[in-house]
Amino acid sequence: MKTFNALLTSAAVAVTGFAGAALAEEFRLGLITPPPHVWTLAAEEFGTALSEASGGEHTVTVFPARQLGNEADMLQQLQSGALDMAFMTVAEVSNRATDFGTFYQPFLADDMAHAARILRSDEARAMLDQLPGALGVVGLGYGSAGMRHILTNGGVTDAAGLSGQKIRITPFEANLDFYNAIGAAPTPMPLPAVFDALANGQVDGIDMDAELIVLLRYHEHADTMIETHHMMFPMVGLVSARVWAGLSEEDQAMISDLMGAAVDGVLTTYEERDAGWLVEIQGTEVNYIEGDRAFFGDAVDQWEAIWEERAPDALETLRGVAEATRQ
């Protein structure tokens, strides 16, 4: 986290000059991730940086691990002003702002570094302009939860082996469309329930990032890891539009700079560590295989056909960004 901390320190120094105009605020920030997760650590560092930059006038209390409810609950709280801030999956945002579902085009990004370049693009940032009007929130930048992979049971060797399997997913249209195209049985489930569900056979497998597979030791209850990088999984830093409207321009600038640095630092952390987490999984007892676009047969084509109807302009824009940032 050294790079991430350095980014926040630089941002804090840059905005310290605004502190004299600040009115004291005690902000609440919600997340679904557990305390050791990269997002939670970033939220806590953001709170520290904001307190320092404001001369102690502003504080942030972080509520991890769904303490304030699931993401749908927290989004409603942001809309009403009952919750000030959140680090939230773009998946939840896409349930209410369809264009954001196009970030999940299968194999849009080659790897985590490529995903970060897409998310840092002007075109991706411009999409945040929709959020105040569409959802009643202000988006201050993107982070990530790495790339998605499939951890499962049953000795799967190809996509046909996933047919009929109950695969735990985060529930949003783009993800449901992909797993339906594969022929799997996508099974929504909150993160705290996943370990036991995988252990007792309630689900056959999970759609998950490498960090959580390692952190929460999901690999202990699976026999096959399929490294696919089939979807990026962005996060967005949000502030309630009601809360935002009550802030001075100086406070808005301070929070924008510091939260933007915090979530961008998350991108940097995943760029630096994603490959290492995959190596850790390779060192476990699971059978480790790789799957590319061809691995999934025509499932990606089916997904694209759906989304070319659902959000054609956004899909075309992000495809252009992906191509321009491909190395």
# chains A, B, ... in the order shown; residues from 1 in each chain; ligands from 1
$ closest_atom_pairs --of "stretch 281-307 of chain A" --to "stretch 158-171 of chain A" --cutoff "10 Å" --atoms "only C-alpha atoms" --output "JSON lines"
{"residue": "A:Ile289", "atom": "CA", "partner": "A:Asp158", "partner_atom": "CA", "distance": 9.3}
{"residue": "A:Glu290", "atom": "CA", "partner": "A:Asp158", "partner_atom": "CA", "distance": 9.5}
{"residue": "A:Gly291", "atom": "CA", "partner": "A:Asp158", "partner_atom": "CA", "distance": 8.0}
{"residue": "A:Ala294", "atom": "CA", "partner": "A:Ala159", "partner_atom": "CA", "distance": 9.5}
{"residue": "A:Phe295", "atom": "CA", "partner": "A:Ala159", "partner_atom": "CA", "distance": 6.2}
{"residue": "A:Phe296", "atom": "CA", "partner": "A:Ala159", "partner_atom": "CA", "distance": 5.4}
{"residue": "A:Gly297", "atom": "CA", "partner": "A:Ala159", "partner_atom": "CA", "distance": 7.6}
{"residue": "A:Ala299", "atom": "CA", "partner": "A:Ala159", "partner_atom": "CA", "distance": 9.5}
$ write_last_selection --atoms "C-alpha atoms" --output "PDB file, in the first residue's frame"
ATOM      1  CA  ILE A 289      -6.410 -23.953 -15.878  1.00  0.00           C
ATOM      2  CA  GLU A 290      -6.792 -20.925 -18.118  1.00  0.00           C
ATOM      3  CA  GLY A 291      -9.702 -19.861 -20.276  1.00  0.00           C
ATOM      4  CA  ALA A 294     -12.659 -19.069 -27.212  1.00  0.00           C
ATOM      5  CA  PHE A 295     -13.020 -21.139 -24.010  1.00  0.00           C
ATOM      6  CA  PHE A 296     -16.590 -19.843 -23.669  1.00  0.00           C
ATOM      7  CA  GLY A 297     -17.689 -20.687 -27.207  1.00  0.00           C
ATOM      8  CA  ALA A 299     -21.374 -17.052 -25.040  1.00  0.00           C
TER       9      ALA A 299
END
$ residues_around --residues "A:Met85" --least-positions-apart "2" --cutoff "6 Å" --atoms "only C-alpha atoms" --output "VMD selection string"
chain A and resid 29 83 238 to 239
$ residues_around --residues "A:Leu135" --least-positions-apart "3" --cutoff "9 Å" --atoms "only C-alpha atoms" --output "ChimeraX atom specification"
/A:75,79,93,96-97,130-132,138,241
$ write_last_selection --atoms "N, CA and C atoms" --output "mmCIF file, in the first residue's frame"
data_model
loop_
_atom_site.group_PDB
_atom_site.id
_atom_site.type_symbol
_atom_site.label_atom_id
_atom_site.label_comp_id
_atom_site.auth_asym_id
_atom_site.auth_seq_id
_atom_site.Cartn_x
_atom_site.Cartn_y
_atom_site.Cartn_z
ATOM 1 N N LEU A 75 -27.186 2.546 -1.447
ATOM 2 C CA LEU A 75 -27.488 3.505 -2.510
ATOM 3 C C LEU A 75 -28.743 4.311 -2.170
ATOM 4 N N GLN A 79 -29.026 8.358 -1.632
ATOM 5 C CA GLN A 79 -30.009 9.184 -2.327
ATOM 6 C C GLN A 79 -30.795 10.060 -1.369
ATOM 7 N N VAL A 93 -24.446 0.257 -9.518
ATOM 8 C CA VAL A 93 -24.800 1.457 -10.281
ATOM 9 C C VAL A 93 -25.450 1.063 -11.606
ATOM 10 N N ARG A 96 -29.183 0.577 -12.241
ATOM 11 C CA ARG A 96 -30.066 1.738 -12.370
ATOM 12 C C ARG A 96 -29.620 2.705 -13.450
ATOM 13 N N ALA A 97 -28.404 2.555 -13.950
ATOM 14 C CA ALA A 97 -27.893 3.389 -15.034
ATOM 15 C C ALA A 97 -27.251 2.442 -16.048
ATOM 16 N N GLN A 130 -23.446 11.345 -15.486
ATOM 17 C CA GLN A 130 -24.849 10.907 -15.465
ATOM 18 C C GLN A 130 -25.391 10.754 -14.050
ATOM 19 N N LEU A 131 -24.502 10.509 -13.099
ATOM 20 C CA LEU A 131 -24.946 9.989 -11.809
ATOM 21 C C LEU A 131 -25.778 10.948 -10.961
ATOM 22 N N PRO A 132 -25.460 12.252 -10.894
ATOM 23 C CA PRO A 132 -26.317 13.111 -10.057
ATOM 24 C C PRO A 132 -27.776 13.103 -10.498
ATOM 25 N N VAL A 138 -22.930 11.641 -6.527
ATOM 26 C CA VAL A 138 -21.820 12.245 -7.262
ATOM 27 C C VAL A 138 -20.680 11.242 -7.298
ATOM 28 N N ALA A 241 -25.601 13.184 -3.398
ATOM 29 C CA ALA A 241 -25.783 14.482 -4.054
ATOM 30 C C ALA A 241 -26.395 15.496 -3.090
#
$ select_by_dssp --residues "stretch 159-265 of chain A" --states "strand (DSSP E)" --output "PDB file with N, CA and C atoms, in the first residue's frame"
ATOM      1  N   LYS A 166     -24.394 -24.312 -10.410  1.00  0.00           N
ATOM      2  CA  LYS A 166     -24.798 -23.137  -9.646  1.00  0.00           C
ATOM      3  C   LYS A 166     -23.546 -22.322  -9.339  1.00  0.00           C
ATOM      4  N   ILE A 167     -23.443 -21.171  -9.998  1.00  0.00           N
ATOM      5  CA  ILE A 167     -22.285 -20.300  -9.841  1.00  0.00           C
ATOM      6  C   ILE A 167     -22.714 -19.037  -9.099  1.00  0.00           C
ATOM      7  N   ARG A 168     -22.108 -18.812  -7.948  1.00  0.00           N
ATOM      8  CA  ARG A 168     -22.425 -17.598  -7.194  1.00  0.00           C
ATOM      9  C   ARG A 168     -21.933 -16.386  -7.966  1.00  0.00           C
ATOM     10  N   ILE A 169     -22.818 -15.408  -8.131  1.00  0.00           N
ATOM     11  CA  ILE A 169     -22.475 -14.177  -8.823  1.00  0.00           C
ATOM     12  C   ILE A 169     -22.950 -12.969  -8.021  1.00  0.00           C
ATOM     13  N   ALA A 185     -26.157 -21.835 -13.957  1.00  0.00           N
ATOM     14  CA  ALA A 185     -27.286 -21.348 -13.161  1.00  0.00           C
ATOM     15  C   ALA A 185     -26.758 -20.252 -12.241  1.00  0.00           C
ATOM     16  N   PRO A 186     -26.760 -18.984 -12.696  1.00  0.00           N
ATOM     17  CA  PRO A 186     -26.231 -17.899 -11.867  1.00  0.00           C
ATOM     18  C   PRO A 186     -27.026 -17.761 -10.582  1.00  0.00           C
ATOM     19  N   THR A 187     -26.311 -17.731  -9.459  1.00  0.00           N
ATOM     20  CA  THR A 187     -26.943 -17.774  -8.146  1.00  0.00           C
ATOM     21  C   THR A 187     -26.496 -16.580  -7.318  1.00  0.00           C
ATOM     22  N   PRO A 188     -27.315 -15.524  -7.235  1.00  0.00           N
ATOM     23  CA  PRO A 188     -26.947 -14.358  -6.416  1.00  0.00           C
ATOM     24  C   PRO A 188     -26.830 -14.739  -4.949  1.00  0.00           C
ATOM     25  N   GLY A 205     -19.776 -23.346  -7.650  1.00  0.00           N
ATOM     26  CA  GLY A 205     -18.618 -22.510  -7.893  1.00  0.00           C
ATOM     27  C   GLY A 205     -18.947 -21.052  -7.669  1.00  0.00           C
ATOM     28  N   ILE A 206     -17.950 -20.207  -7.885  1.00  0.00           N
ATOM     29  CA  ILE A 206     -18.114 -18.775  -7.657  1.00  0.00           C
ATOM     30  C   ILE A 206     -17.426 -17.979  -8.747  1.00  0.00           C
ATOM     31  N   ASP A 207     -18.016 -16.845  -9.079  1.00  0.00           N
ATOM     32  CA  ASP A 207     -17.404 -15.833  -9.932  1.00  0.00           C
ATOM     33  C   ASP A 207     -16.746 -14.838  -8.985  1.00  0.00           C
ATOM     34  N   MET A 208     -15.410 -14.726  -9.017  1.00  0.00           N
ATOM     35  CA  MET A 208     -14.727 -13.996  -7.949  1.00  0.00           C
ATOM     36  C   MET A 208     -13.388 -13.455  -8.446  1.00  0.00           C
ATOM     37  N   ASP A 209     -12.889 -12.434  -7.745  1.00  0.00           N
ATOM     38  CA  ASP A 209     -11.565 -11.895  -8.019  1.00  0.00           C
ATOM     39  C   ASP A 209     -10.515 -12.663  -7.229  1.00  0.00           C
ATOM     40  N   THR A 224     -11.131 -26.692  -8.813  1.00  0.00           N
ATOM     41  CA  THR A 224     -10.651 -26.141 -10.086  1.00  0.00           C
ATOM     42  C   THR A 224     -10.702 -24.623 -10.087  1.00  0.00           C
ATOM     43  N   MET A 225      -9.598 -24.009 -10.433  1.00  0.00           N
ATOM     44  CA  MET A 225      -9.518 -22.573 -10.652  1.00  0.00           C
ATOM     45  C   MET A 225      -9.351 -22.327 -12.146  1.00  0.00           C
ATOM     46  N   ILE A 226     -10.264 -21.519 -12.719  1.00  0.00           N
ATOM     47  CA  ILE A 226     -10.159 -21.160 -14.133  1.00  0.00           C
ATOM     48  C   ILE A 226      -9.771 -19.685 -14.208  1.00  0.00           C
ATOM     49  N   GLU A 227      -8.523 -19.432 -14.551  1.00  0.00           N
ATOM     50  CA  GLU A 227      -8.052 -18.054 -14.712  1.00  0.00           C
ATOM     51  C   GLU A 227      -8.559 -17.550 -16.053  1.00  0.00           C
ATOM     52  N   MET A 232     -13.669  -7.102 -16.166  1.00  0.00           N
ATOM     53  CA  MET A 232     -13.179  -6.202 -15.137  1.00  0.00           C
ATOM     54  C   MET A 232     -14.301  -6.003 -14.123  1.00  0.00           C
ATOM     55  N   PHE A 233     -13.956  -5.537 -12.938  1.00  0.00           N
ATOM     56  CA  PHE A 233     -14.976  -5.358 -11.905  1.00  0.00           C
ATOM     57  C   PHE A 233     -14.746  -4.021 -11.203  1.00  0.00           C
ATOM     58  N   PRO A 234     -15.189  -2.915 -11.830  1.00  0.00           N
ATOM     59  CA  PRO A 234     -14.878  -1.585 -11.301  1.00  0.00           C
ATOM     60  C   PRO A 234     -15.639  -1.242 -10.023  1.00  0.00           C
ATOM     61  N   MET A 235     -15.046  -0.344  -9.284  1.00  0.00           N
ATOM     62  CA  MET A 235     -15.654   0.285  -8.112  1.00  0.00           C
ATOM     63  C   MET A 235     -15.724   1.783  -8.374  1.00  0.00           C
ATOM     64  N   VAL A 236     -16.643   2.465  -7.710  1.00  0.00           N
ATOM     65  CA  VAL A 236     -16.740   3.918  -7.852  1.00  0.00           C
ATOM     66  C   VAL A 236     -16.872   4.557  -6.476  1.00  0.00           C
ATOM     67  N   GLY A 237     -16.174   5.668  -6.281  1.00  0.00           N
ATOM     68  CA  GLY A 237     -16.304   6.443  -5.060  1.00  0.00           C
ATOM     69  C   GLY A 237     -17.465   7.409  -5.188  1.00  0.00           C
ATOM     70  N   LEU A 238     -18.426   7.334  -4.266  1.00  0.00           N
ATOM     71  CA  LEU A 238     -19.662   8.099  -4.361  1.00  0.00           C
ATOM     72  C   LEU A 238     -19.876   8.996  -3.148  1.00  0.00           C
ATOM     73  N   VAL A 239     -20.489  10.135  -3.397  1.00  0.00           N
ATOM     74  CA  VAL A 239     -20.958  11.023  -2.338  1.00  0.00           C
ATOM     75  C   VAL A 239     -22.430  11.309  -2.610  1.00  0.00           C
ATOM     76  N   SER A 240     -23.234  11.327  -1.572  1.00  0.00           N
ATOM     77  CA  SER A 240     -24.641  11.688  -1.716  1.00  0.00           C
ATOM     78  C   SER A 240     -24.759  13.068  -2.370  1.00  0.00           C
TER      79      SER A 240
END
$ closest_atom_pairs --of "stretch 96-212 of chain A" --to "stretch 31-51 of chain A" --cutoff "12 Å" --atoms "only C-alpha atoms" --output "tab-separated table"
residue	atom	partner	partner_atom	distance
A:Tyr142	CA	A:Trp39	CA	11.4
A:Gly143	CA	A:Trp39	CA	8.3
A:Ser144	CA	A:Trp39	CA	8.4
A:Ala145	CA	A:Trp39	CA	8.1
A:Gly146	CA	A:Val38	CA	10.4
A:Thr170	CA	A:Ile32	CA	11.9
A:Pro190	CA	A:Ile32	CA	9.1
A:Leu191	CA	A:Ile32	CA	8.0
A:Pro192	CA	A:Pro34	CA	8.9
A:Asp209	CA	A:His37	CA	11.8
A:Ala210	CA	A:His37	CA	11.9
A:Glu211	CA	A:His37	CA	8.3
A:Leu212	CA	A:His37	CA	8.0
$ decode --residues "stretch 79-94 of chain A" --atoms "all heavy atoms" --output "compact mmCIF listing (two decimals), in the first residue's frame"
# COMPACT_ATOMS: atom_id res chain seq x y z
N GLN A 79 -29.03 8.36 -1.63
CA GLN A 79 -30.01 9.18 -2.33
C GLN A 79 -30.79 10.06 -1.37
O GLN A 79 -31.14 11.20 -1.69
CB GLN A 79 -30.96 8.28 -3.14
CG GLN A 79 -30.28 7.62 -4.32
CD GLN A 79 -31.13 6.53 -4.96
OE1 GLN A 79 -31.93 5.88 -4.29
NE2 GLN A 79 -30.96 6.33 -6.25
N SER A 80 -31.07 9.55 -0.18
CA SER A 80 -31.84 10.32 0.80
C SER A 80 -30.97 11.26 1.63
O SER A 80 -31.48 12.14 2.32
CB SER A 80 -32.58 9.37 1.74
OG SER A 80 -31.66 8.69 2.60
N GLY A 81 -29.65 11.05 1.58
CA GLY A 81 -28.74 11.83 2.41
C GLY A 81 -28.49 11.22 3.77
O GLY A 81 -27.77 11.79 4.59
N ALA A 82 -29.08 10.04 4.03
CA ALA A 82 -28.85 9.36 5.31
C ALA A 82 -27.43 8.81 5.41
O ALA A 82 -26.91 8.61 6.51
CB ALA A 82 -29.87 8.23 5.50
N LEU A 83 -26.81 8.54 4.26
CA LEU A 83 -25.42 8.09 4.20
C LEU A 83 -24.66 9.12 3.36
O LEU A 83 -25.17 9.58 2.33
CB LEU A 83 -25.32 6.70 3.56
CG LEU A 83 -23.92 6.13 3.36
CD1 LEU A 83 -23.21 5.95 4.70
CD2 LEU A 83 -23.98 4.79 2.61
N ASP A 84 -23.48 9.47 3.81
CA ASP A 84 -22.71 10.52 3.14
C ASP A 84 -21.93 10.01 1.94
O ASP A 84 -21.93 10.65 0.88
CB ASP A 84 -21.73 11.17 4.13
CG ASP A 84 -22.42 11.71 5.35
OD1 ASP A 84 -23.26 12.61 5.19
OD2 ASP A 84 -22.13 11.22 6.47
N MET A 85 -21.26 8.86 2.11
CA MET A 85 -20.31 8.40 1.11
C MET A 85 -20.33 6.88 1.04
O MET A 85 -20.75 6.21 1.98
CB MET A 85 -18.88 8.85 1.48
CG MET A 85 -18.72 10.35 1.66
SD MET A 85 -17.09 10.73 2.37
CE MET A 85 -17.13 12.53 2.34
N ALA A 86 -19.83 6.36 -0.08
CA ALA A 86 -19.68 4.91 -0.22
C ALA A 86 -18.64 4.61 -1.28
O ALA A 86 -18.46 5.39 -2.22
CB ALA A 86 -21.01 4.25 -0.59
N PHE A 87 -17.96 3.49 -1.11
CA PHE A 87 -17.19 2.87 -2.18
C PHE A 87 -18.05 1.69 -2.62
O PHE A 87 -18.32 0.78 -1.83
CB PHE A 87 -15.83 2.38 -1.70
CG PHE A 87 -14.82 3.47 -1.43
CD1 PHE A 87 -15.12 4.81 -1.62
CD2 PHE A 87 -13.55 3.15 -0.99
CE1 PHE A 87 -14.19 5.80 -1.38
CE2 PHE A 87 -12.60 4.13 -0.73
CZ PHE A 87 -12.92 5.46 -0.93
N MET A 88 -18.47 1.70 -3.87
CA MET A 88 -19.50 0.76 -4.30
C MET A 88 -19.15 0.16 -5.65
O MET A 88 -18.53 0.82 -6.49
CB MET A 88 -20.84 1.51 -4.41
CG MET A 88 -22.05 0.66 -4.69
SD MET A 88 -23.59 1.63 -4.54
CE MET A 88 -23.61 1.98 -2.77
N THR A 89 -19.55 -1.08 -5.88
CA THR A 89 -19.32 -1.68 -7.19
C THR A 89 -20.09 -0.92 -8.26
O THR A 89 -21.21 -0.45 -8.04
CB THR A 89 -19.79 -3.15 -7.23
OG1 THR A 89 -21.21 -3.22 -7.06
CG2 THR A 89 -19.10 -3.98 -6.15
N VAL A 90 -19.49 -0.80 -9.42
CA VAL A 90 -20.21 -0.24 -10.56
C VAL A 90 -21.37 -1.16 -10.94
O VAL A 90 -22.34 -0.73 -11.55
CB VAL A 90 -19.24 0.00 -11.73
CG1 VAL A 90 -19.97 0.35 -13.02
CG2 VAL A 90 -18.26 1.13 -11.36
N ALA A 91 -21.28 -2.43 -10.54
CA ALA A 91 -22.37 -3.37 -10.80
C ALA A 91 -23.68 -2.85 -10.24
O ALA A 91 -24.72 -2.86 -10.92
CB ALA A 91 -22.04 -4.73 -10.20
N GLU A 92 -23.69 -2.37 -9.00
CA GLU A 92 -24.91 -1.85 -8.39
C GLU A 92 -25.38 -0.60 -9.14
O GLU A 92 -26.57 -0.42 -9.36
CB GLU A 92 -24.69 -1.53 -6.92
CG GLU A 92 -25.92 -1.02 -6.20
CD GLU A 92 -27.09 -2.00 -6.23
OE1 GLU A 92 -26.85 -3.22 -6.15
OE2 GLU A 92 -28.25 -1.54 -6.35
N VAL A 93 -24.45 0.26 -9.52
CA VAL A 93 -24.80 1.46 -10.28
C VAL A 93 -25.45 1.06 -11.61
O VAL A 93 -26.43 1.67 -12.05
CB VAL A 93 -23.55 2.32 -10.52
CG1 VAL A 93 -23.84 3.46 -11.49
CG2 VAL A 93 -23.02 2.87 -9.20
N SER A 94 -24.92 0.00 -12.24
CA SER A 94 -25.43 -0.41 -13.56
C SER A 94 -26.85 -0.94 -13.49
O SER A 94 -27.55 -0.97 -14.51
CB SER A 94 -24.51 -1.47 -14.17
OG SER A 94 -24.68 -2.74 -13.55
